[in-house]
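S.K.: Hey, dropping start16.cif in here, mmCIF, C-alpha atoms:
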```cif
data_target
#
loop_
_atom_site.label_atom_id
_atom_site.label_comp_id
_atom_site.auth_asym_id
_atom_site.auth_seq_id
_atom_site.Cartn_x
_atom_site.Cartn_y
_atom_site.Cartn_z
CA MET Y 19 0.00 0.00 0.00
CA ASP Y 20 1.47 3.29 -1.02
CA ALA Y 21 0.28 6.84 -0.53
CA GLY Y 22 -0.09 8.87 -3.67
CA ALA Y 23 0.80 6.03 -5.97
CA GLY Y 24 -2.56 6.05 -7.74
CA ARG Y 25 -0.78 7.94 -10.49
CA ILE Y 26 0.56 4.60 -11.75
CA GLY Y 27 -2.85 3.62 -13.06
CA ARG Y 28 -3.10 6.61 -15.40
CA ALA Y 29 -2.76 6.15 -19.11
CA LEU Y 30 0.71 6.63 -20.54
CA GLY Y 31 1.24 9.54 -22.89
CA PRO Y 32 2.28 9.27 -26.55
CA GLY Y 33 5.69 7.73 -27.02
CA ARG Y 34 5.94 6.49 -23.43
CA ARG Y 35 6.38 2.80 -22.69
CA ARG Y 36 5.19 0.98 -19.61
CA ARG Y 37 8.19 -0.12 -17.54
CA GLU Y 38 8.77 -3.88 -17.71
CA ARG Y 39 8.43 -5.78 -14.45
CA PRO Y 40 11.85 -6.87 -13.14
CA GLU Y 41 12.72 -10.33 -11.93
CA VAL Y 42 12.25 -10.17 -8.14
CA THR Y 43 15.49 -11.67 -6.84
CA LEU Y 44 18.12 -10.41 -4.43
CA THR Y 45 20.83 -9.99 -7.05
CA ASN Y 46 18.43 -7.82 -9.04
CA TYR Y 47 17.51 -5.63 -6.05
CA GLU Y 48 18.46 -2.34 -7.73
CA ALA Y 49 16.01 -2.88 -10.59
CA VAL Y 50 13.38 -4.17 -8.15
CA TYR Y 51 13.51 -1.07 -5.96
CA ASP Y 52 13.73 1.22 -8.99
CA PHE Y 53 10.44 -0.35 -10.11
CA TYR Y 54 8.60 -0.68 -6.80
CA GLY Y 55 10.15 2.30 -5.03
CA PRO Y 56 7.93 4.95 -6.64
CA GLY Y 57 4.87 2.86 -5.76
CA ARG Y 58 2.66 0.75 -8.06
CA ARG Y 59 -0.58 1.28 -6.17
CA ARG Y 60 -3.88 1.41 -8.04
CA ASP Y 61 -6.67 2.74 -5.85
CA GLY Y 62 -9.32 1.33 -8.16
CA PHE Y 63 -7.92 -2.11 -7.39
CA THR Y 64 -6.91 -1.56 -3.76
CA HIS Y 65 -10.13 -0.18 -2.26
CA PRO Y 66 -12.46 -2.96 -3.47
CA LEU Y 67 -9.84 -5.54 -2.47
CA LEU Y 68 -9.57 -4.16 1.07
CA THR Y 69 -13.36 -4.11 1.37
CA PHE Y 70 -13.48 -7.78 0.35
CA VAL Y 71 -10.60 -8.81 2.63
CA GLY Y 72 -12.18 -6.94 5.52
CA ALA Y 73 -15.45 -8.83 5.01
CA LEU Y 74 -13.56 -12.13 4.71
CA TYR Y 75 -11.53 -11.83 7.93
CA ALA Y 76 -13.72 -9.34 9.83
CA PRO Y 77 -10.98 -8.45 12.33
CA GLU Y 78 -11.89 -6.97 15.68
CA VAL Y 79 -9.88 -3.74 15.75
CA ARG Y 80 -9.15 -2.44 19.24
CA ILE Y 81 -7.79 1.10 19.31
CA ARG Y 82 -8.34 3.72 21.97
CA PRO Y 83 -10.14 6.96 20.97
CA GLU Y 84 -7.22 9.06 22.20
CA THR Y 85 -4.86 7.05 19.96
CA VAL Y 86 -7.11 7.70 16.97
CA THR Y 87 -7.12 11.42 17.74
CA GLU Y 88 -3.35 11.52 18.09
CA LEU Y 89 -2.81 9.59 14.86
CA HIS Y 90 -4.89 12.11 12.94
CA ARG Y 91 -3.00 14.99 14.54
CA LEU Y 92 0.33 13.47 13.58
CA HIS Y 93 -0.75 12.69 10.04
CA ASP Y 94 -2.15 16.19 9.51
CA ALA Y 95 1.13 17.63 10.86
CA GLY Y 96 3.19 15.65 8.32
CA VAL Y 97 4.72 13.25 10.85
CA GLY Y 98 5.73 9.89 9.37
CA ILE Y 99 4.00 6.87 10.93
CA ILE Y 100 5.32 3.31 11.15
CA VAL Y 101 2.69 0.65 11.78
CA ALA Y 102 4.78 -2.04 13.52
CA ALA Y 103 3.08 -5.41 14.00
CA ASN Y 104 3.92 -8.87 15.28
CA HIS Y 105 3.73 -11.73 12.78
CA PRO Y 106 1.99 -14.86 14.13
CA SER Y 107 0.47 -16.13 10.86
CA HIS Y 108 0.72 -16.17 7.09
CA HIS Y 109 -2.69 -14.47 7.16
CA ASP Y 110 -1.17 -11.34 8.74
CA PRO Y 111 -0.66 -9.22 5.60
CA PHE Y 112 -4.37 -9.46 4.80
CA VAL Y 113 -5.51 -9.04 8.40
CA LEU Y 114 -3.31 -5.99 8.98
CA ALA Y 115 -4.38 -4.46 5.66
CA SER Y 116 -8.05 -4.87 6.52
CA ALA Y 117 -7.46 -3.53 10.07
CA VAL Y 118 -5.90 -0.27 8.89
CA TYR Y 119 -8.81 0.12 6.46
CA ASP Y 120 -10.98 0.64 9.54
CA ARG Y 121 -12.91 3.88 8.99
CA ARG Y 122 -11.39 5.45 12.13
CA VAL Y 123 -7.82 5.28 10.76
CA ARG Y 124 -8.35 4.61 7.06
CA PHE Y 125 -5.58 7.00 6.03
CA LEU Y 126 -3.12 4.38 7.32
CA ALA Y 127 -4.24 2.08 4.50
CA SER Y 128 -2.54 4.41 2.01
CA GLY Y 129 0.83 3.40 3.46
CA THR Y 130 3.65 1.35 1.98
CA GLY Y 131 3.51 -2.29 3.02
CA LEU Y 132 6.57 -4.55 3.19
CA THR Y 133 6.35 -8.28 2.55
CA LYS Y 134 8.64 -11.18 1.65
CA ASP Y 135 9.85 -11.35 -1.93
CA PRO Y 136 8.61 -14.89 -2.82
CA LEU Y 137 5.07 -13.49 -2.89
CA PHE Y 138 6.12 -11.38 -5.88
CA ARG Y 139 7.00 -14.49 -7.90
CA GLY Y 140 3.66 -16.25 -7.65
CA PRO Y 141 0.03 -15.76 -8.63
CA LEU Y 142 -0.53 -13.21 -5.85
CA ARG Y 143 2.02 -10.79 -7.31
CA PRO Y 144 -0.61 -8.39 -8.71
CA VAL Y 145 -2.34 -8.28 -5.31
CA PHE Y 146 0.78 -7.00 -3.61
CA GLU Y 147 2.01 -4.91 -6.52
CA TYR Y 148 -1.22 -3.01 -7.12
CA THR Y 149 -1.63 -2.29 -3.40
CA GLY Y 150 1.75 -0.54 -3.42
CA THR Y 151 3.58 -3.22 -1.39
CA VAL Y 152 7.37 -3.47 -1.64
CA PRO Y 153 9.32 -6.77 -1.54
CA VAL Y 154 11.76 -7.56 1.28
CA PHE Y 155 14.71 -9.87 0.63
CA ARG Y 156 15.31 -12.11 3.64
CA ALA Y 157 18.78 -13.53 4.14
CA LYS Y 158 17.45 -17.00 4.98
CA ASN Y 159 16.01 -17.25 1.46
CA TYR Y 160 19.39 -16.48 -0.15
CA GLU Y 161 21.96 -18.53 1.70
CA GLY Y 162 25.28 -18.48 -0.11
CA THR Y 163 24.82 -14.94 -1.47
CA GLU Y 164 27.55 -12.51 -0.45
CA ARG Y 165 26.79 -10.56 2.71
CA ALA Y 166 27.61 -7.31 0.93
CA VAL Y 167 24.70 -7.91 -1.45
CA HIS Y 168 22.29 -8.53 1.44
CA ASP Y 169 23.50 -5.38 3.21
CA ALA Y 170 23.20 -3.23 0.09
CA ALA Y 171 19.66 -4.42 -0.62
CA ALA Y 172 18.61 -3.85 3.00
CA ALA Y 173 20.12 -0.36 2.99
CA ARG Y 174 18.26 0.49 -0.21
CA LEU Y 175 14.97 -0.67 1.31
CA ILE Y 176 15.52 1.25 4.55
CA GLY Y 177 16.36 4.34 2.51
CA LEU Y 178 13.13 3.98 0.56
CA CYS Y 179 11.14 3.74 3.80
CA VAL Y 180 12.94 6.71 5.34
CA ASP Y 181 12.09 8.80 2.29
CA ARG Y 182 8.40 7.90 2.63
CA LEU Y 183 8.38 8.69 6.33
CA THR Y 184 10.21 12.01 6.10
CA ALA Y 185 7.61 13.03 3.51
CA GLY Y 186 4.89 12.36 6.09
CA GLY Y 187 3.90 8.96 4.75
CA VAL Y 188 3.04 5.65 6.37
CA VAL Y 189 5.03 2.39 6.36
CA LEU Y 190 3.57 -0.94 7.53
CA THR Y 191 6.02 -3.60 8.69
CA PHE Y 192 6.20 -6.88 10.60
CA VAL Y 193 9.00 -6.34 13.08
CA GLU Y 194 9.97 -10.01 13.46
CA GLY Y 195 10.75 -10.41 9.77
CA THR Y 196 9.27 -13.92 9.82
CA ASN Y 197 6.41 -15.79 11.47
CA SER Y 198 6.39 -15.71 15.27
CA SER Y 199 7.66 -18.67 17.24
CA ALA Y 200 5.37 -20.26 19.80
CA ASP Y 201 7.25 -18.28 22.48
CA ASP Y 202 6.16 -14.95 20.95
CA LEU Y 203 2.41 -15.44 20.62
CA ARG Y 204 1.42 -13.95 23.98
CA THR Y 205 4.43 -11.75 24.68
CA LEU Y 206 7.11 -10.60 22.27
CA ARG Y 207 10.76 -11.21 23.12
CA LEU Y 208 13.19 -8.37 22.48
CA ASP Y 209 15.41 -10.63 20.39
CA SER Y 210 12.47 -11.17 18.02
CA VAL Y 211 12.28 -7.47 17.13
CA LYS Y 212 14.68 -7.04 14.21
CA LYS Y 213 16.71 -3.91 13.67
CA GLY Y 214 14.83 -2.67 10.59
CA VAL Y 215 12.24 -0.64 12.51
CA GLY Y 216 15.02 0.98 14.54
CA GLN Y 217 16.95 1.83 11.39
CA MET Y 218 13.86 3.51 9.93
CA VAL Y 219 13.29 5.68 13.00
CA ARG Y 220 16.96 6.59 13.30
CA GLY Y 221 17.15 7.38 9.59
CA VAL Y 222 14.18 9.75 9.79
CA ARG Y 223 15.62 11.51 12.83
CA ASP Y 224 19.07 11.79 11.23
CA ALA Y 225 17.32 13.44 8.27
CA GLY Y 226 15.70 15.97 10.61
CA GLY Y 227 12.25 14.42 10.33
CA ARG Y 228 9.55 13.49 12.81
CA VAL Y 229 8.28 9.95 13.21
CA ALA Y 230 5.89 7.88 15.31
CA VAL Y 231 5.48 4.12 15.73
CA LEU Y 232 2.05 2.55 16.20
CA PRO Y 233 2.59 -0.89 17.80
CA ILE Y 234 0.12 -3.57 16.74
CA GLY Y 235 -0.60 -6.95 18.30
CA ILE Y 236 -2.40 -9.58 16.17
CA VAL Y 237 -4.01 -12.57 17.91
CA TYR Y 238 -5.82 -15.58 16.40
CA ARG Y 239 -6.43 -17.52 19.65
CA GLY Y 240 -4.91 -20.78 18.41
CA ARG Y 241 -5.97 -20.40 14.77
CA GLU Y 242 -2.78 -18.79 13.45
CA LEU Y 243 -1.89 -21.96 11.45
CA ALA Y 244 -5.32 -22.29 9.85
CA LYS Y 245 -5.29 -22.79 6.10
CA LEU Y 246 -8.60 -21.04 5.55
CA PRO Y 247 -9.04 -17.39 6.63
CA PRO Y 248 -9.79 -17.37 10.38
CA ARG Y 249 -12.71 -15.09 11.23
CA ARG Y 250 -12.55 -12.34 13.83
CA PRO Y 251 -8.84 -12.21 14.67
CA VAL Y 252 -8.10 -9.47 17.18
CA VAL Y 253 -5.92 -6.54 16.08
CA ALA Y 254 -5.03 -4.29 19.01
CA ALA Y 255 -3.08 -1.03 18.97
CA GLY Y 256 -0.60 -0.24 21.73
CA PRO Y 257 0.54 3.21 22.90
CA LEU Y 258 2.27 5.38 20.32
CA ALA Y 259 6.02 5.88 20.49
CA LEU Y 260 6.82 9.37 19.22
CA TRP Y 261 9.99 11.18 18.16
CA GLU Y 262 8.67 14.63 17.33
CA ASP Y 263 10.68 17.16 19.32
CA PRO Y 264 14.20 18.33 18.40
CA GLY Y 265 16.96 16.17 19.82
CA PRO Y 266 19.45 13.43 19.02
CA ALA Y 267 18.36 10.39 17.06
CA PRO Y 268 17.61 7.33 19.19
CA SER Y 269 19.78 4.25 18.88
CA VAL Y 270 18.42 1.25 17.00
CA ASP Y 271 18.20 -0.69 20.26
CA GLU Y 272 16.29 2.12 22.00
CA VAL Y 273 13.68 1.93 19.27
CA ARG Y 274 13.56 -1.87 19.48
CA HIS Y 275 12.91 -1.68 23.22
CA ALA Y 276 10.13 0.87 22.75
CA VAL Y 277 8.48 -1.12 19.96
CA ARG Y 278 8.69 -4.37 21.87
CA ALA Y 279 7.06 -2.77 24.93
CA GLY Y 280 4.28 -1.29 22.79
CA ILE Y 281 3.52 -4.57 21.02
CA ASP Y 282 3.52 -6.35 24.38
CA ASP Y 283 0.88 -3.90 25.62
CA ALA Y 284 -1.13 -4.50 22.45
CA LEU Y 285 -0.89 -8.28 22.85
CA THR Y 286 -2.04 -8.05 26.46
CA ASP Y 287 -5.09 -6.11 25.26
CA ALA Y 288 -5.74 -8.51 22.38
CA TRP Y 289 -5.58 -11.61 24.60
CA GLY Y 290 -7.73 -10.02 27.30
#
```
Turn this file's structure into structure tokens for me.

M.R.:
Amino acid sequence: MDAGAGRIGRALGPGRRRRERPEVTLTNYEAVYDFYGPGRRRDGFTHPLLTFVGALYAPEVRIRPETVTELHRLHDAGVGIIVAANHPSHHDPFVLASAVYDRRVRFLASGTGLTKDPLFRGPLRPVFEYTGTVPVFRAKNYEGTERAVHDAAAARLIGLCVDRLTAGGVVLTFVEGTNSSADDLRTLRLDSVKKGVGQMVRGVRDAGGRVAVLPIGIVYRGRELAKLPPRRPVVAAGPLALWEDPGPAPSVDEVRHAVRAGIDDALTDAWG
């Protein structure tokens, strides 16, 4: 999902050619992020899809009124917002997308989603592409590739996210980078929060920008491994973490601690 990317769906002018889709592999990351970086979102595709997905999963979205008010204030003020969720199930991308399409915070649904690159090589590619989602290359899927290539691709992705956030946009990410272990379903361990969310926040602050993190806890109550869409998963929002005032950029670990605490609060609410 990508704010402002509806332009992609417009007709091309005379003499212009539609850019060819790149092969979505780690070694081709530069072409991939050149293609997906500007955003491929098509609102005419995205909005009906989110309506359908919302009806299919019907998540119970728990978010405090004061959090809704603060999110709108931040968005109107041009503060970048990271929606940072846990990742208990392969259903999560659809559940999170339908949750942020909730009428109270629907502007969050215009954000840039991040998801694993294999989904861009299968039949669901148009679903993720036309909703403005950007592929993430996970090291475990490319064992044997030089570390320098992994690092360069990750840096390019973080830079893309920082650009969106400093422009006042929204980024949606699963902070664990992979599905939760059984030990992380009720409470999230600090080690499970990867450094990417901290790098985004630090990058925005280093660029002089303002940024907030909305922690999200997703709970299926034992149905996270279901093959068919589980109805009524709980999606709870924790307290916002905000870096708005002038000051030094936080360390990556400081952000990880704050995000972990916020998701833990959200999970406590969701399980309650």

S.K.: Extract, using all atoms listed in the file, all DNA, RNA and protein residues at most 12 Å from Val86 of chain Y, discarding same-chain residues fewer than 2 positions from it, and format them as a PyMOL selection string.

M.R.: chain Y and resi 79-84+88-93+118+120-126+232+255-258

S.K.: Quick one: of Y:Phe70, Y:Phe192, Y:Phe53, Y:Tyr160, who's nearest to Glu147 of chain Y, counting all atoms listed in the file?

M.R.: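 For Glu147 of chain Y, the nearest of the given residues is Y:Phe53.
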
S.K.: Which of these residues is nearest to Ala284 of chain Y, using all atoms listed in the file: Y:Thr191, Y:Thr184, Y:Asn104, Y:Ser198?

M.R.: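 Among the listed residues, Y:Asn104 lies closest to Ala284 of chain Y.
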
S.K.: Measuring atom to atom with only C-alpha atoms, identify which of Y:Thr196, Y:Lys212, Y:Ala259, Y:Ala267 is nearest to Ala225 of chain Y.

M.R.: Y:Ala267

S.K.: Name all residues at most 9 Å from segment 174-183 of chain Y (count only C-alpha atoms; drop same-chain ones fewer than 6 positions away) and give them as number ranges by chain.

M.R.: Y: 21, 47-48, 51, 55-56, 96-100, 129-130, 152-154, 189, 214-215, 217-222, 225, 227-229

S.K.: Enumerate, as a PyMOL selection string, the residues matched when the PyMOL selection byres ((chain Y and resi 246) around 12) is run on the file above.

M.R.: chain Y and resi 74-75+107-109+241-245+247-249

S.K.: Could you please determine the separation between atom CA of Asp61 of chain Y and atom CA of Tyr119 of chain Y in Å, to one decimal place?

M.R.: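 If I compute the distance from atom CA of Asp61 of chain Y to atom CA of Tyr119 of chain Y, I get 12.8 Å.
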
S.K.: With distances taken over only C-alpha atoms, which residue among Y:Ala95, Y:Val237, Y:Leu203, Y:Leu67 lies nearest Phe146 of chain Y?

M.R.: Y:Leu67

S.K.: How far is it from atom CA of Val145 of chain Y to atom CA of Gly235 of chain Y, in Å with one decimal?

M.R.: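 Pair atom CA of Val145 of chain Y / atom CA of Gly235 of chain Y returns 23.7 Å.
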
S.K.: Between atom CA of Arg239 of chain Y and atom CA of Pro136 of chain Y, what is the distance, to one decimal in Å?

M.R.: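 These two atoms are separated by 27.2 Å.
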
S.K.: From the list Y:Val211, Y:Asn197, Y:Thr45, Y:Ala173, which residue is nearest Arg274 of chain Y when using all atoms listed in the file?

M.R.: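 Once distances to Arg274 of chain Y are computed over all atoms listed in the file, the minimum belongs to Y:Val211.
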
S.K.: Determine the axis-aligned bounding box of all atoms of segment 251-262 of chain Y present in the file, pad each side by 5 Å, and express its centre and edge lengths in Å to one decimal place as lines of an AutoDock Vina configuration file.

M.R.:
```
center_x = 0.6
center_y = 1.2
center_z = 18.8
size_x = 28.8
size_y = 36.8
size_z = 18.2
```

S.K.: Identify which of the residues Y:Val71, Y:Ala102, Y:Leu44, Y:Ala115 lies closest to Arg156 of chain Y, counting all atoms listed in the file when measuring atom-to-atom distances.

M.R.: Y:Leu44

S.K.: For Thr205 of chain Y, list every protein, DNA or RNA residue within 12 Å, evaluated using only C-alpha atoms, and leave out those in the same chain fewer than 5 positions away; present the list as a ChimeraX atom specification.

M.R.: /Y:104-106,198-200,210-211,235-237,278-289

S.K.: Go ahead and save the picked residues with C-alpha atoms, as a PDB file, in the frame of the given file.

M.R.:
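See again_13.pdb below for the written result:
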```
ATOM      1  CA  ASN Y 104       3.920  -8.870  15.280  1.00  0.00           C
ATOM      2  CA  HIS Y 105       3.730 -11.730  12.780  1.00  0.00           C
ATOM      3  CA  PRO Y 106       1.990 -14.860  14.130  1.00  0.00           C
ATOM      4  CA  SER Y 198       6.390 -15.710  15.270  1.00  0.00           C
ATOM      5  CA  SER Y 199       7.660 -18.670  17.240  1.00  0.00           C
ATOM      6  CA  ALA Y 200       5.370 -20.260  19.800  1.00  0.00           C
ATOM      7  CA  SER Y 210      12.470 -11.170  18.020  1.00  0.00           C
ATOM      8  CA  VAL Y 211      12.280  -7.470  17.130  1.00  0.00           C
ATOM      9  CA  GLY Y 235      -0.600  -6.950  18.300  1.00  0.00           C
ATOM     10  CA  ILE Y 236      -2.400  -9.580  16.170  1.00  0.00           C
ATOM     11  CA  VAL Y 237      -4.010 -12.570  17.910  1.00  0.00           C
ATOM     12  CA  ARG Y 278       8.690  -4.370  21.870  1.00  0.00           C
ATOM     13  CA  ALA Y 279       7.060  -2.770  24.930  1.00  0.00           C
ATOM     14  CA  GLY Y 280       4.280  -1.290  22.790  1.00  0.00           C
ATOM     15  CA  ILE Y 281       3.520  -4.570  21.020  1.00  0.00           C
ATOM     16  CA  ASP Y 282       3.520  -6.350  24.380  1.00  0.00           C
ATOM     17  CA  ASP Y 283       0.880  -3.900  25.620  1.00  0.00           C
ATOM     18  CA  ALA Y 284      -1.130  -4.500  22.450  1.00  0.00           C
ATOM     19  CA  LEU Y 285      -0.890  -8.280  22.850  1.00  0.00           C
ATOM     20  CA  THR Y 286      -2.040  -8.050  26.460  1.00  0.00           C
ATOM     21  CA  ASP Y 287      -5.090  -6.110  25.260  1.00  0.00           C
ATOM     22  CA  ALA Y 288      -5.740  -8.510  22.380  1.00  0.00           C
ATOM     23  CA  TRP Y 289      -5.580 -11.610  24.600  1.00  0.00           C
TER      24      TRP Y 289
END
```

S.K.: Show me, as a list of chain:residue names, the residues that have an atom within 8 Å of Ser116 of chain Y when counting only C-alpha atoms, minus same-chain residues fewer than 5 positions from it.

M.R.: Y:Leu68, Y:Thr69, Y:Val71, Y:Gly72, Y:Tyr75, Y:Ala76, Y:Pro77

S.K.: If the PyMOL selection byres ((chain Y and resi 148) around 7) is run on the structure shown, which residues does it catch, given as a PyMOL selection string?

M.R.: chain Y and resi 58-60+63-64+144-147+149-150

S.K.: Please reconstruct the missing atoms of segment 82-104 of chain Y (target: N, CA, C and O atoms) and return them as a compact mmCIF listing (two decimals), keeping the file's coordinate frame.

M.R.:
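Written file, result20.txt:
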```txt
# COMPACT_ATOMS: atom_id res chain seq x y z
N ARG Y 82 -7.76 2.75 21.06
CA ARG Y 82 -8.34 3.72 21.97
C ARG Y 82 -8.68 5.02 21.24
O ARG Y 82 -7.94 5.43 20.33
N PRO Y 83 -9.76 5.70 21.62
CA PRO Y 83 -10.14 6.96 20.97
C PRO Y 83 -9.03 8.00 21.01
O PRO Y 83 -8.83 8.73 20.03
N GLU Y 84 -8.29 8.07 22.12
CA GLU Y 84 -7.22 9.06 22.20
C GLU Y 84 -6.07 8.73 21.24
O GLU Y 84 -5.39 9.64 20.74
N THR Y 85 -5.88 7.43 20.95
CA THR Y 85 -4.86 7.05 19.96
C THR Y 85 -5.30 7.46 18.56
O THR Y 85 -4.50 7.95 17.76
N VAL Y 86 -6.57 7.27 18.26
CA VAL Y 86 -7.11 7.70 16.97
C VAL Y 86 -6.92 9.20 16.78
O VAL Y 86 -6.46 9.67 15.73
N THR Y 87 -7.26 9.96 17.81
CA THR Y 87 -7.12 11.42 17.74
C THR Y 87 -5.67 11.83 17.51
O THR Y 87 -5.37 12.70 16.68
N GLU Y 88 -4.76 11.18 18.23
CA GLU Y 88 -3.35 11.52 18.09
C GLU Y 88 -2.81 11.12 16.72
O GLU Y 88 -2.01 11.85 16.11
N LEU Y 89 -3.24 10.00 16.20
CA LEU Y 89 -2.81 9.59 14.86
C LEU Y 89 -3.23 10.61 13.80
O LEU Y 89 -2.44 10.95 12.91
N HIS Y 90 -4.44 11.10 13.91
CA HIS Y 90 -4.89 12.11 12.94
C HIS Y 90 -4.10 13.40 13.09
O HIS Y 90 -3.76 14.05 12.09
N ARG Y 91 -3.80 13.77 14.33
CA ARG Y 91 -3.00 14.99 14.54
C ARG Y 91 -1.63 14.83 13.90
O ARG Y 91 -1.14 15.74 13.20
N LEU Y 92 -1.00 13.70 14.12
CA LEU Y 92 0.33 13.47 13.58
C LEU Y 92 0.31 13.45 12.06
O LEU Y 92 1.18 14.05 11.40
N HIS Y 93 -0.66 12.77 11.50
CA HIS Y 93 -0.75 12.69 10.04
C HIS Y 93 -0.98 14.07 9.42
O HIS Y 93 -0.33 14.44 8.43
N ASP Y 94 -1.87 14.85 10.03
CA ASP Y 94 -2.15 16.19 9.51
C ASP Y 94 -0.93 17.10 9.64
O ASP Y 94 -0.75 18.03 8.85
N ALA Y 95 -0.07 16.82 10.63
CA ALA Y 95 1.13 17.63 10.86
C ALA Y 95 2.31 17.16 10.01
O ALA Y 95 3.40 17.74 10.10
N GLY Y 96 2.12 16.12 9.19
CA GLY Y 96 3.19 15.65 8.32
C GLY Y 96 4.21 14.76 9.01
O GLY Y 96 5.34 14.62 8.53
N VAL Y 97 3.82 14.15 10.13
CA VAL Y 97 4.72 13.25 10.85
C VAL Y 97 4.62 11.85 10.23
O VAL Y 97 3.51 11.33 10.03
N GLY Y 98 5.75 11.24 9.90
CA GLY Y 98 5.73 9.89 9.37
C GLY Y 98 5.27 8.89 10.43
O GLY Y 98 5.56 9.05 11.61
N ILE Y 99 4.54 7.87 10.00
CA ILE Y 99 4.00 6.87 10.93
C ILE Y 99 4.40 5.47 10.47
O ILE Y 99 4.16 5.09 9.32
N ILE Y 100 5.01 4.71 11.39
CA ILE Y 100 5.32 3.31 11.15
C ILE Y 100 4.30 2.46 11.89
O ILE Y 100 4.16 2.58 13.10
N VAL Y 101 3.58 1.62 11.17
CA VAL Y 101 2.69 0.65 11.78
C VAL Y 101 3.51 -0.62 11.96
O VAL Y 101 3.88 -1.29 10.98
N ALA Y 102 3.83 -0.96 13.21
CA ALA Y 102 4.78 -2.04 13.52
C ALA Y 102 4.04 -3.18 14.20
O ALA Y 102 3.61 -3.05 15.35
N ALA Y 103 3.90 -4.31 13.51
CA ALA Y 103 3.08 -5.41 14.00
C ALA Y 103 3.91 -6.66 14.27
O ALA Y 103 4.99 -6.86 13.70
N ASN Y 104 3.36 -7.52 15.14
CA ASN Y 104 3.92 -8.87 15.28
C ASN Y 104 3.48 -9.71 14.08
O ASN Y 104 2.71 -9.24 13.22
```
